[in-house]
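Trainee: Below is the file start_12.txt, with compact mmCIF, C-alpha atoms.
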```
# COMPACT_ATOMS: atom_id res chain seq x y z
CA MET A 548 -4.75 -5.37 5.92
CA SER A 549 -6.55 -7.65 3.45
CA ASN A 550 -4.72 -10.50 1.79
CA PHE A 551 -4.77 -10.51 -2.01
CA ASP A 552 -4.17 -13.41 -4.38
CA LEU A 553 -1.37 -12.13 -6.58
CA THR A 554 -1.50 -15.12 -8.91
CA VAL A 555 -3.93 -13.38 -11.25
CA PRO A 556 -5.36 -9.85 -11.44
CA ALA A 557 -8.67 -9.29 -9.70
CA VAL A 558 -10.98 -6.50 -8.64
CA ASN A 559 -9.06 -4.21 -6.31
CA ALA A 560 -9.70 -0.90 -4.61
CA ARG A 561 -9.41 2.17 -6.77
CA PRO A 562 -9.57 5.93 -6.10
CA GLY A 563 -13.06 7.30 -5.70
CA PRO A 564 -14.57 10.16 -7.70
CA GLY A 565 -12.58 13.34 -7.47
CA GLN A 566 -9.37 11.61 -6.40
CA THR A 567 -7.22 12.83 -9.25
CA SER A 568 -3.47 13.11 -9.49
CA PRO A 569 -1.89 16.32 -8.17
CA ALA A 570 0.77 16.17 -10.88
CA ARG A 571 1.90 19.51 -12.29
CA VAL A 572 3.71 17.75 -15.13
CA ARG A 573 1.65 15.71 -17.57
CA THR A 574 2.23 11.96 -17.51
CA ASP A 575 -0.16 10.98 -20.31
CA VAL A 576 1.92 12.20 -23.27
CA VAL A 577 3.23 9.35 -25.43
CA GLY A 578 6.08 9.67 -27.91
CA PHE A 579 6.19 7.72 -31.19
CA VAL A 580 9.20 7.31 -33.50
CA GLY A 581 8.36 5.82 -36.89
CA VAL A 582 8.02 6.12 -40.64
CA GLY A 583 5.30 8.63 -41.48
CA GLY A 584 5.88 9.67 -45.10
CA PRO A 585 7.63 12.58 -46.81
CA ARG A 586 6.46 15.41 -44.56
CA HIS A 587 8.19 16.84 -41.47
CA ARG A 588 10.98 14.30 -41.33
CA HIS A 589 13.30 14.45 -38.31
CA GLU A 590 11.06 16.93 -36.51
CA ALA A 591 9.21 16.43 -33.22
CA LYS A 592 5.55 17.37 -33.70
CA ARG A 593 2.87 17.60 -31.00
CA ILE A 594 -0.30 15.89 -32.17
CA ASP A 595 -3.57 16.25 -30.23
CA ASP A 596 -5.94 14.01 -32.23
CA TRP A 597 -6.10 11.77 -35.28
CA THR A 598 -7.32 14.63 -37.48
CA SER A 599 -4.21 16.58 -36.54
CA TYR A 600 -2.01 13.61 -37.49
CA VAL A 601 -3.69 13.33 -40.89
CA ALA A 602 -3.27 17.05 -41.54
CA THR A 603 0.38 16.95 -40.50
CA TYR A 604 1.59 13.80 -42.26
CA LEU A 605 -1.07 12.58 -44.70
CA ARG A 606 -1.80 15.80 -46.60
CA ASP A 607 0.55 17.60 -49.00
CA ASP A 608 1.01 21.37 -49.19
CA ALA A 609 -2.07 21.63 -51.41
CA GLY A 610 -4.19 19.64 -48.96
CA GLN A 611 -4.30 16.53 -51.14
CA ALA A 612 -4.30 13.14 -49.43
CA LEU A 613 -1.09 11.15 -49.12
CA ASP A 614 -1.01 7.40 -48.66
CA GLU A 615 0.34 5.87 -45.49
CA PRO A 616 3.78 4.38 -46.23
CA PRO A 617 3.27 0.67 -47.03
CA GLY A 618 4.41 -1.59 -44.23
CA ALA A 619 4.96 1.23 -41.75
CA ARG A 620 3.26 1.06 -38.36
CA LEU A 621 3.42 4.69 -37.20
CA ALA A 622 -0.03 5.77 -38.41
CA GLU A 623 -1.63 2.62 -36.97
CA ALA A 624 0.02 3.24 -33.61
CA VAL A 625 -1.16 6.84 -33.41
CA ARG A 626 -4.68 5.91 -34.55
CA GLU A 627 -5.06 3.25 -31.85
CA PHE A 628 -3.57 5.54 -29.21
CA PHE A 629 -6.26 8.16 -29.81
CA ALA A 630 -9.01 5.55 -30.25
CA ASN A 631 -8.27 4.25 -26.74
CA GLY A 632 -8.33 7.57 -24.94
CA GLY A 633 -5.04 9.31 -25.67
CA ALA A 634 -5.16 13.10 -25.73
CA ARG A 635 -1.67 14.13 -26.86
CA CYS A 636 1.36 12.50 -28.41
CA VAL A 637 4.67 13.65 -29.83
CA VAL A 638 5.63 12.16 -33.20
CA VAL A 639 9.09 11.95 -34.76
CA ASN A 640 8.88 10.94 -38.43
CA ILE A 641 12.14 9.30 -39.50
CA GLY A 642 11.42 8.47 -43.13
CA ALA A 643 9.25 8.49 -46.21
CA GLN A 644 9.05 4.72 -46.66
CA ILE A 645 10.21 1.31 -45.45
CA ASP A 646 13.28 0.00 -47.31
CA SER A 647 13.21 -3.79 -47.25
CA THR A 648 16.63 -4.13 -48.88
CA ASN A 649 18.65 -2.39 -46.16
CA THR A 650 17.38 -1.98 -42.60
CA ASP A 651 20.52 -0.33 -41.22
CA PRO A 652 19.44 3.27 -42.01
CA LEU A 653 16.01 2.68 -40.46
CA VAL A 654 17.53 1.23 -37.27
CA ALA A 655 20.06 4.06 -37.01
CA ASP A 656 17.45 6.77 -37.55
CA MET A 657 14.94 5.09 -35.22
CA LEU A 658 17.37 4.74 -32.32
CA GLY A 659 19.06 8.05 -33.14
CA ILE A 660 22.55 6.63 -33.62
CA PRO A 661 23.44 7.15 -37.32
CA ASP A 662 27.01 6.94 -38.59
CA GLU A 663 26.28 10.10 -40.55
CA PRO A 664 23.36 12.58 -40.58
CA PRO A 665 20.36 11.79 -42.79
CA THR A 666 20.59 13.34 -46.26
CA GLU A 667 18.07 16.09 -45.48
CA LEU A 668 20.16 17.16 -42.45
CA ALA A 669 23.56 17.08 -44.20
CA GLY A 670 25.53 20.28 -43.67
CA LEU A 671 23.40 21.39 -40.72
CA PRO A 672 24.61 21.52 -37.12
CA VAL A 673 24.54 18.09 -35.50
CA ARG A 674 21.33 17.57 -33.53
CA PRO A 675 19.42 14.60 -32.11
CA ILE A 676 17.22 12.49 -34.37
CA GLY A 677 14.81 9.61 -33.82
CA LEU A 678 14.62 8.32 -30.27
CA GLU A 679 17.30 10.75 -29.13
CA LEU A 680 15.21 13.68 -30.39
CA LEU A 681 12.12 12.34 -28.66
CA LEU A 682 13.99 12.00 -25.37
CA THR A 683 14.74 15.73 -25.43
CA MET A 684 11.00 16.42 -25.10
CA PRO A 685 10.37 16.81 -21.34
CA GLU A 686 6.62 16.16 -21.55
CA VAL A 687 7.05 12.66 -23.02
CA SER A 688 6.83 9.95 -20.35
CA LEU A 689 5.97 6.88 -22.46
CA VAL A 690 7.82 5.91 -25.66
CA ILE A 691 6.74 3.52 -28.43
CA LEU A 692 8.79 2.44 -31.48
CA PRO A 693 6.13 1.15 -33.92
CA GLU A 694 8.57 0.20 -36.67
CA LEU A 695 10.01 -2.58 -34.56
CA HIS A 696 7.06 -4.41 -36.12
CA ALA A 697 7.21 -2.95 -39.64
CA ARG A 698 6.21 -5.24 -42.52
CA VAL A 699 7.44 -5.85 -46.07
CA PRO A 700 5.89 -7.80 -48.99
CA VAL A 701 6.70 -11.48 -49.43
CA GLU A 702 8.34 -11.90 -52.83
CA GLY A 703 6.25 -13.89 -55.25
CA VAL A 704 3.17 -14.02 -53.00
CA ALA A 705 0.66 -11.32 -53.88
CA GLY A 706 -0.92 -9.57 -50.89
CA SER A 707 1.27 -11.35 -48.35
CA GLU A 708 3.58 -9.62 -45.88
CA ARG A 709 6.27 -10.64 -43.41
CA PRO A 710 7.93 -8.79 -40.52
CA LEU A 711 10.79 -6.55 -41.58
CA PHE A 712 12.91 -7.84 -38.69
CA SER A 713 13.46 -11.50 -37.86
CA ASN A 714 12.74 -12.62 -34.30
CA PRO A 715 16.44 -12.53 -33.28
CA GLU A 716 16.75 -9.05 -34.81
CA LEU A 717 13.62 -7.87 -33.00
CA LEU A 718 14.93 -9.15 -29.67
CA THR A 719 18.26 -7.41 -30.23
CA LEU A 720 16.54 -4.12 -31.09
CA GLN A 721 14.25 -4.29 -28.06
CA ARG A 722 17.28 -4.92 -25.84
CA LEU A 723 19.11 -1.95 -27.37
CA PHE A 724 16.03 0.17 -26.76
CA LEU A 725 15.80 -0.92 -23.12
CA ASN A 726 19.52 -0.34 -22.59
CA ARG A 727 19.12 3.21 -23.88
CA LEU A 728 16.27 3.85 -21.47
CA ALA A 729 18.48 2.47 -18.69
CA GLN A 730 20.88 5.40 -19.00
CA PRO A 731 20.98 7.55 -15.84
CA ARG A 732 18.53 10.29 -16.82
CA GLU A 733 15.98 8.23 -18.75
CA ARG A 734 16.01 5.41 -16.19
CA TRP A 735 13.59 7.26 -13.93
CA ARG A 736 11.82 9.46 -16.49
CA VAL A 737 10.60 7.33 -19.43
CA PHE A 738 8.58 4.10 -19.64
CA THR A 739 7.90 1.83 -22.61
CA LEU A 740 5.60 -1.00 -23.72
CA LEU A 741 6.80 -4.04 -25.65
CA GLU A 742 5.38 -7.27 -27.05
CA PRO A 743 6.74 -10.58 -28.39
CA PRO A 744 6.45 -11.38 -32.12
CA ILE A 745 3.02 -11.81 -33.67
CA GLU A 746 3.21 -15.62 -33.89
CA ALA A 747 4.26 -16.14 -30.25
CA ASP A 748 2.15 -18.53 -28.22
CA ALA A 749 1.97 -18.50 -24.41
CA LEU A 750 5.22 -20.40 -23.90
CA ALA A 751 7.05 -18.24 -26.43
CA ALA A 752 5.75 -15.10 -24.69
CA LEU A 753 7.20 -16.31 -21.39
CA ARG A 754 10.53 -17.08 -23.01
CA TRP A 755 10.55 -13.67 -24.69
CA ARG A 756 9.99 -11.96 -21.36
CA ASP A 757 12.91 -13.89 -19.84
CA ALA A 758 15.14 -12.98 -22.79
CA LEU A 759 14.46 -9.26 -22.32
CA GLY A 760 15.86 -9.29 -18.78
CA ASP A 761 14.77 -7.30 -15.74
CA HIS A 762 13.78 -3.67 -16.23
CA GLY A 763 11.60 -1.48 -14.04
CA TYR A 764 10.76 0.97 -16.83
CA ALA A 765 9.09 -1.42 -19.30
CA ALA A 766 6.12 -3.77 -19.47
CA LEU A 767 5.40 -6.67 -21.84
CA TYR A 768 1.91 -7.33 -23.27
CA TRP A 769 0.48 -10.38 -25.07
CA PRO A 770 -1.29 -11.45 -27.30
CA TRP A 771 -1.64 -9.25 -30.40
CA VAL A 772 -4.97 -7.61 -31.23
CA VAL A 773 -7.23 -7.48 -34.27
CA VAL A 774 -8.87 -4.09 -34.88
CA GLU A 775 -11.56 -2.90 -37.24
CA ASP A 776 -11.52 0.63 -38.68
CA GLY A 777 -15.30 0.69 -39.04
CA ALA A 778 -18.37 -1.32 -39.94
CA GLU A 779 -17.58 -3.77 -42.77
CA ALA A 780 -14.03 -2.36 -42.94
CA PRO A 781 -11.00 -4.64 -43.27
CA THR A 782 -9.42 -5.86 -40.04
CA HIS A 783 -5.78 -5.38 -39.07
CA THR A 784 -3.61 -7.35 -36.67
CA LEU A 785 -1.58 -4.98 -34.51
CA PRO A 786 0.88 -5.04 -31.62
CA PRO A 787 -1.01 -4.60 -28.33
CA SER A 788 1.20 -1.71 -27.21
CA PHE A 789 -0.51 0.70 -29.62
CA ALA A 790 -3.91 0.40 -27.94
CA VAL A 791 -2.52 -0.12 -24.43
CA ALA A 792 -0.60 3.18 -24.70
CA GLY A 793 -3.98 4.88 -25.12
CA VAL A 794 -5.27 3.07 -22.03
CA TYR A 795 -2.30 4.38 -20.03
CA ALA A 796 -3.13 7.92 -21.12
CA ARG A 797 -6.85 7.44 -20.44
CA VAL A 798 -6.23 6.22 -16.88
CA ASP A 799 -3.67 8.97 -16.22
CA LEU A 800 -6.12 11.66 -17.32
CA ALA A 801 -9.00 10.22 -15.30
CA CYS A 802 -7.21 9.28 -12.08
CA GLY A 803 -3.44 9.72 -12.29
CA PRO A 804 -0.45 7.41 -12.78
CA HIS A 805 -0.89 5.86 -9.34
CA ARG A 806 -3.95 4.00 -10.68
CA PRO A 807 -3.03 0.68 -12.37
CA PRO A 808 -3.73 0.71 -16.13
CA ALA A 809 -5.50 -2.64 -15.82
CA ASN A 810 -9.03 -4.05 -15.96
CA GLU A 811 -9.65 -1.46 -18.68
CA ARG A 812 -11.60 -2.20 -21.84
CA LEU A 813 -9.83 -1.86 -25.18
CA ARG A 814 -11.70 0.10 -27.83
CA ASP A 815 -11.69 -0.81 -31.54
CA VAL A 816 -10.35 -4.28 -30.75
CA VAL A 817 -12.65 -7.03 -32.03
CA VAL A 818 -10.66 -10.18 -31.27
CA LEU A 819 -7.29 -11.41 -30.00
CA THR A 820 -4.82 -13.58 -31.89
CA GLU A 821 -4.82 -16.02 -28.94
CA GLN A 822 -7.52 -16.84 -26.42
CA VAL A 823 -6.15 -17.10 -22.89
CA GLU A 824 -7.49 -19.66 -20.42
CA ASP A 825 -7.32 -19.16 -16.66
CA ARG A 826 -4.58 -21.74 -16.18
CA VAL A 827 -2.42 -20.18 -18.87
CA GLN A 828 -3.15 -16.73 -17.47
CA ALA A 829 -1.83 -17.73 -14.06
CA ASP A 830 1.45 -18.99 -15.53
CA LEU A 831 1.96 -15.93 -17.72
CA TYR A 832 1.01 -13.43 -15.06
CA ALA A 833 3.31 -15.10 -12.54
CA GLY A 834 6.09 -14.77 -15.10
CA GLY A 835 5.58 -11.03 -15.56
CA VAL A 836 3.66 -11.05 -18.86
CA ASN A 837 0.65 -8.71 -18.88
CA LEU A 838 -2.31 -10.19 -20.69
CA LEU A 839 -5.18 -9.04 -22.83
CA ARG A 840 -8.32 -11.09 -22.22
CA ALA A 841 -11.69 -11.39 -23.92
CA PHE A 842 -14.77 -11.63 -21.69
CA PRO A 843 -18.02 -12.47 -23.52
CA GLY A 844 -20.44 -9.59 -23.16
CA PHE A 845 -17.82 -7.30 -21.61
CA GLY A 846 -15.26 -6.86 -24.38
CA ILE A 847 -11.49 -7.20 -24.37
CA HIS A 848 -9.60 -5.94 -21.34
CA VAL A 849 -6.06 -5.17 -20.27
CA TRP A 850 -5.41 -7.72 -17.53
CA GLY A 851 -2.29 -7.04 -15.52
CA ALA A 852 0.13 -4.21 -14.72
CA ARG A 853 3.56 -5.63 -13.96
CA THR A 854 6.91 -4.30 -15.11
CA LEU A 855 9.81 -6.36 -16.41
CA LEU A 856 11.29 -6.04 -12.95
CA TRP A 857 8.84 -8.71 -11.81
CA ASP A 858 10.76 -11.91 -11.12
CA PRO A 859 8.79 -14.85 -9.69
CA TYR A 860 12.02 -16.23 -8.21
CA ALA A 861 13.12 -12.98 -6.60
CA SER A 862 14.04 -12.83 -2.92
CA PRO A 863 12.29 -11.18 -1.23
CA ARG A 864 9.07 -12.01 -3.07
CA PRO A 865 8.47 -9.81 -6.13
CA GLU A 866 5.21 -8.40 -4.75
CA LEU A 867 7.26 -6.81 -1.96
CA ASN A 868 9.13 -4.68 -4.51
CA PRO A 869 6.75 -1.85 -5.37
CA LEU A 870 8.58 -1.05 -8.62
CA SER A 871 7.51 -4.44 -9.94
CA PHE A 872 4.15 -2.78 -10.61
CA VAL A 873 3.52 -0.37 -13.48
CA ASN A 874 1.50 2.11 -11.42
CA ALA A 875 4.12 2.27 -8.65
CA ARG A 876 6.94 2.85 -11.13
CA ARG A 877 5.04 5.53 -13.01
CA CYS A 878 3.75 7.17 -9.83
CA LEU A 879 7.33 7.48 -8.59
CA THR A 880 8.33 8.86 -11.99
CA ALA A 881 5.57 11.48 -11.77
CA ILE A 882 6.71 12.51 -8.28
CA GLU A 883 10.32 12.78 -9.45
CA ARG A 884 9.40 14.78 -12.55
CA ASN A 885 7.31 17.13 -10.45
CA ALA A 886 10.19 17.54 -8.00
CA GLU A 887 12.44 18.37 -10.94
CA HIS A 888 9.88 20.90 -12.17
CA ILE A 889 9.66 22.54 -8.73
CA ALA A 890 13.44 22.78 -8.44
CA GLN A 891 13.76 24.30 -11.92
CA ARG A 892 10.98 26.77 -11.25
CA SER A 893 12.55 27.91 -7.99
CA GLY A 894 15.34 29.62 -9.88
CA SER A 895 19.05 29.29 -10.47
CA ALA A 896 21.34 27.33 -8.19
CA ALA A 897 21.65 28.69 -4.68
CA GLN A 898 24.71 28.67 -2.49
CA ARG A 899 24.85 25.99 0.13
CA SER A 900 24.67 28.70 2.78
CA ASP A 901 21.41 30.05 1.35
CA ALA A 902 19.14 28.63 4.05
CA LEU A 903 16.14 30.53 2.67
CA ALA A 904 16.42 28.82 -0.73
CA SER A 905 16.66 25.43 0.96
CA MET A 906 13.61 26.11 3.13
CA ARG A 907 11.60 27.32 0.16
CA LEU A 908 12.40 24.26 -1.93
CA THR A 909 11.68 21.89 0.96
CA ARG A 910 8.35 23.58 1.63
CA GLU A 911 7.24 23.34 -2.00
CA LEU A 912 8.27 19.69 -2.23
CA ARG A 913 6.33 18.86 0.93
CA ALA A 914 3.25 20.62 -0.42
CA GLN A 915 3.43 18.59 -3.62
CA LEU A 916 3.82 15.32 -1.71
CA LEU A 917 0.96 16.22 0.63
CA ALA A 918 -1.27 16.70 -2.40
CA ALA A 919 -0.11 13.31 -3.72
CA TYR A 920 -0.92 11.71 -0.36
CA GLU A 921 -4.37 13.29 -0.21
CA SER A 922 -5.11 12.02 -3.74
CA GLY A 923 -4.48 8.45 -2.64
CA ALA A 924 -1.17 8.09 -4.48
CA LEU A 925 0.84 7.36 -1.32
CA ALA A 926 0.31 4.82 1.47
CA GLY A 927 0.14 5.53 5.18
CA ASP A 928 -2.34 6.54 7.85
CA THR A 929 -0.69 9.95 8.19
CA PRO A 930 1.45 12.16 5.92
CA GLU A 931 4.42 11.35 8.14
CA GLN A 932 4.02 7.68 7.28
CA ALA A 933 3.63 8.47 3.59
CA PHE A 934 6.63 10.67 2.83
CA PHE A 935 9.54 12.72 4.11
CA VAL A 936 11.64 15.57 2.71
CA ARG A 937 15.02 16.34 4.24
CA SER A 938 17.32 19.12 3.19
CA CYS A 939 20.97 18.10 2.95
CA ALA A 940 22.29 21.63 2.68
CA ASP A 941 24.29 21.25 5.87
CA SER A 942 25.89 17.89 4.96
CA SER A 943 28.58 17.02 2.46
CA ALA A 944 27.04 18.93 -0.46
CA ALA A 945 29.36 21.12 -2.48
CA GLU A 946 29.15 24.89 -2.20
CA ASP A 947 27.14 25.22 -5.42
CA GLU A 948 24.73 22.38 -4.62
CA LEU A 949 21.36 22.23 -2.95
CA VAL A 950 20.38 18.64 -2.11
CA CYS A 951 17.11 17.22 -0.83
CA LYS A 952 16.51 13.61 0.20
CA ILE A 953 12.94 12.53 -0.46
CA GLY A 954 11.20 9.31 0.57
CA VAL A 955 7.77 8.15 -0.53
CA ALA A 956 5.76 5.10 0.56
CA LEU A 957 4.29 3.57 -2.59
CA ALA A 958 3.48 0.11 -1.22
CA ALA A 959 3.54 0.02 2.59
CA PRO A 960 4.01 2.73 5.24
CA ALA A 961 7.13 1.02 6.60
CA GLU A 962 8.97 0.97 3.29
CA PHE A 963 10.10 4.08 1.44
CA ILE A 964 11.44 4.53 -2.06
CA VAL A 965 14.17 7.13 -1.65
CA PHE A 966 15.57 9.53 -4.22
CA ARG A 967 17.82 12.58 -4.07
CA LEU A 968 17.11 15.85 -5.85
CA ILE A 969 20.26 17.85 -6.59
CA ARG A 970 20.32 21.37 -7.99
CA ARG A 971 23.81 22.20 -9.21
CA GLN A 972 24.70 25.28 -11.26
CA GLY A 973 21.16 25.57 -12.56
CA MET A 974 20.94 21.89 -13.56
CA ILE A 975 18.61 19.39 -11.87
CA GLU A 976 19.64 15.79 -11.20
CA ILE A 977 17.57 12.91 -9.80
CA GLU A 978 19.27 9.92 -8.16
CA GLU A 979 17.20 6.93 -7.05
CA ALA A 980 18.50 5.17 -3.96
CA GLY A 981 15.98 2.32 -3.73
CA PRO A 982 13.93 1.09 -0.75
CA SER A 983 14.74 2.33 2.73
CA ARG A 984 13.17 1.88 6.11
CA ALA A 985 11.05 4.79 7.28
CA SER A 986 13.15 5.17 10.39
```
Render the structure in this file as structure tokens.
Mentor:
Amino acid sequence: MSNFDLTVPAVNARPGPGQTSPARVRTDVVGFVGVGGPRHRHEAKRIDDWTSYVATYLRDDAGQALDEPPGARLAEAVREFFANGGARCVVVNIGAQIDSTNTDPLVADMLGIPDEPPTELAGLPVRPIGLELLLTMPEVSLVILPELHARVPVEGVAGSERPLFSNPELLTLQRLFLNRLAQPRERWRVFTLLEPPIEADALAALRWRDALGDHGYAALYWPWVVVEDGAEAPTHTLPPSFAVAGVYARVDLACGPHRPPANERLRDVVVLTEQVEDRVQADLYAGGVNLLRAFPGFGIHVWGARTLLWDPYASPRPELNPLSFVNARRCLTAIERNAEHIAQRSGSAAQRSDALASMRLTRELRAQLLAAYESGALAGDTPEQAFFVRSCADSSAAEDELVCKIGVALAAPAEFIVFRLIRRQGMIEIEEAGPSRAS
């Protein structure tokens, strides 16, 4: 096996033409929660292009244009997502405008944890809002909260804006967001992209990454980007996650989630807020910060695909933990979501003694994993080295449970990432068990 320098990203092998993901469940759908204006508040809307977004949120009932809410980031996030290759997103609009005098309602509606229902939902049955509503959408696999970087006018300074949230407030909100995604179900199903504040330099970006802690379902990108809406149009400085989310979708659609969303050119981006030198890149990349880099004549590229689980001081070395890499984490998520889909499709819960149901489920899971192996998503010289599926129907499972133990080799044939699929009374559960030896 070749030795790779993991200090900085480089040119690595990638799937050849025709090697696409076998996923039955889409992995490219991104969810956005933000302030979109007066229309369709607290509803989850599927949006398939920028024109659809405009028609849904920026036109009134008579078809007249509505302005984007001042200071809100939602429209910018969706625009950059589609500009960089996204094909579908789900939008939850949580408000008509940004209120700079009281951020508590925005935070509560964004995270879906209000003390009381929003005014327009008063008197109706309690139902999820904001992030909680988005997490009920099974097709969403990547979540962005654009209003973490909302802006408000600076008093007394015409045309000047400041972030709605201070840096300590932003860090607290990002931690709350990550903690929510760490809950048992979302921990394996949903991924997110974050960034440090706009003014962060390289050292501040490293410190921000350390302050966020270790998480396998998130990635941090730096620096911020400057985009141009068109020739001679004004430029805008935006969080990198908006455009990078589109790159994730673009790579998923072209190859599948097992392909790293790195060494990909950003569209619409004309310059970065910071220029990154090779020496600085090595330090940041070693610390788990994914970079955007400008290459004269070649444009601006996403350079790196590491999750917040990457720890340069980890033992064993971080590169030996496959879930330190974005593509490994999201590939495993795709496999788990497909396994969930197969189990749901196979019907209601079977009795433990129903050997036929167990055989059928095991056969379908193996077929799905074989397709993943043949696409290049799994490692190993043979399918036996790449995965295993074992029915646990004859073990300690309860009478109303059907349990399968599944192992997949995402990094090396000798090391498996193991998870259990449990079908109990018509409900599907996924439990990750971590690395395990193939034997």
Trainee: Using all atoms listed in the file - which residues lie no farther than 7 Å from the point (3.7, 8.0, -30.6) in the file's frame? Write them as number ranges by chain.
Mentor: A: 577-580, 624-625, 636-638, 690-691
Trainee: In Å, how far is it from CA of Asn631 in chain A to CA of Leu785 in chain A?
Mentor: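 So the answer is 13.8 Å.
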Trainee: Which polymer residues have any atom within 8 Å of an atom of Arg626 in chain A, counting all atoms listed in the file, with same-chain residues fewer than 4 positions away left out, as a PyMOL selection string?
Mentor: chain A and resi 597+622+630
Trainee: Interatomic distance between CA of Pro787 in chain A and CA of Leu741 in chain A?
Mentor: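 Those two atoms sit 8.3 Å apart.
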Trainee: Suppose you want the space between CA of Val955 in chain A and CA of Arg910 in chain A; what is it in Å?
Mentor: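 Straight-line distance from CA of Val955 in chain A to CA of Arg910 in chain A works out to 15.6 Å.
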Trainee: Just give me the residues with any atom within 12 Å of (6.0, -19.3, -23.4), file coordinates, counting only C-alpha atoms, written as a list in words.
Mentor: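 Result, sorted by chain then residue number: Pro743, Pro744, Glu746, Ala747, Asp748, Ala749, Leu750, Ala751, Ala752, Leu753, Arg754, Trp755, Arg756, Asp757, Ala758, Trp769, Pro770, Val827, Gln828, Asp830, Leu831, Tyr832, Ala833, Gly834, Gly835 and Val836 of chain A.
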Trainee: Can you pull out the residues contacting range 601-618 of chain A? Cut-off 6 Å, using all atoms listed in the file, and skip same-chain residues under 3 positions away; I want them as a list in words.
Mentor: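 Those residues are Gly584, Arg586, Thr598, Gln644, Ala697, Arg698 and Val699 of chain A.
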Trainee: How big is the axis-aligned box around the listed atoms of range 847-861 of chain A once 6 Å is added on each side, and where is its centre? Give both in Å to one decimal, as AutoDock Vina command-line options.
Mentor:
```
--center_x 0.8 --center_y -10.2 --center_z -15.5 --size_x 36.6 --size_y 24.0 --size_z 29.8
```
Trainee: Pick out the closest residue to Leu855 in chain A from this set: A:Ala780, A:Leu695, A:Leu759, A:Cys939. Count all atoms listed in the file.
Mentor: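 Closest residue, counting all atoms listed in the file: A:Leu759.
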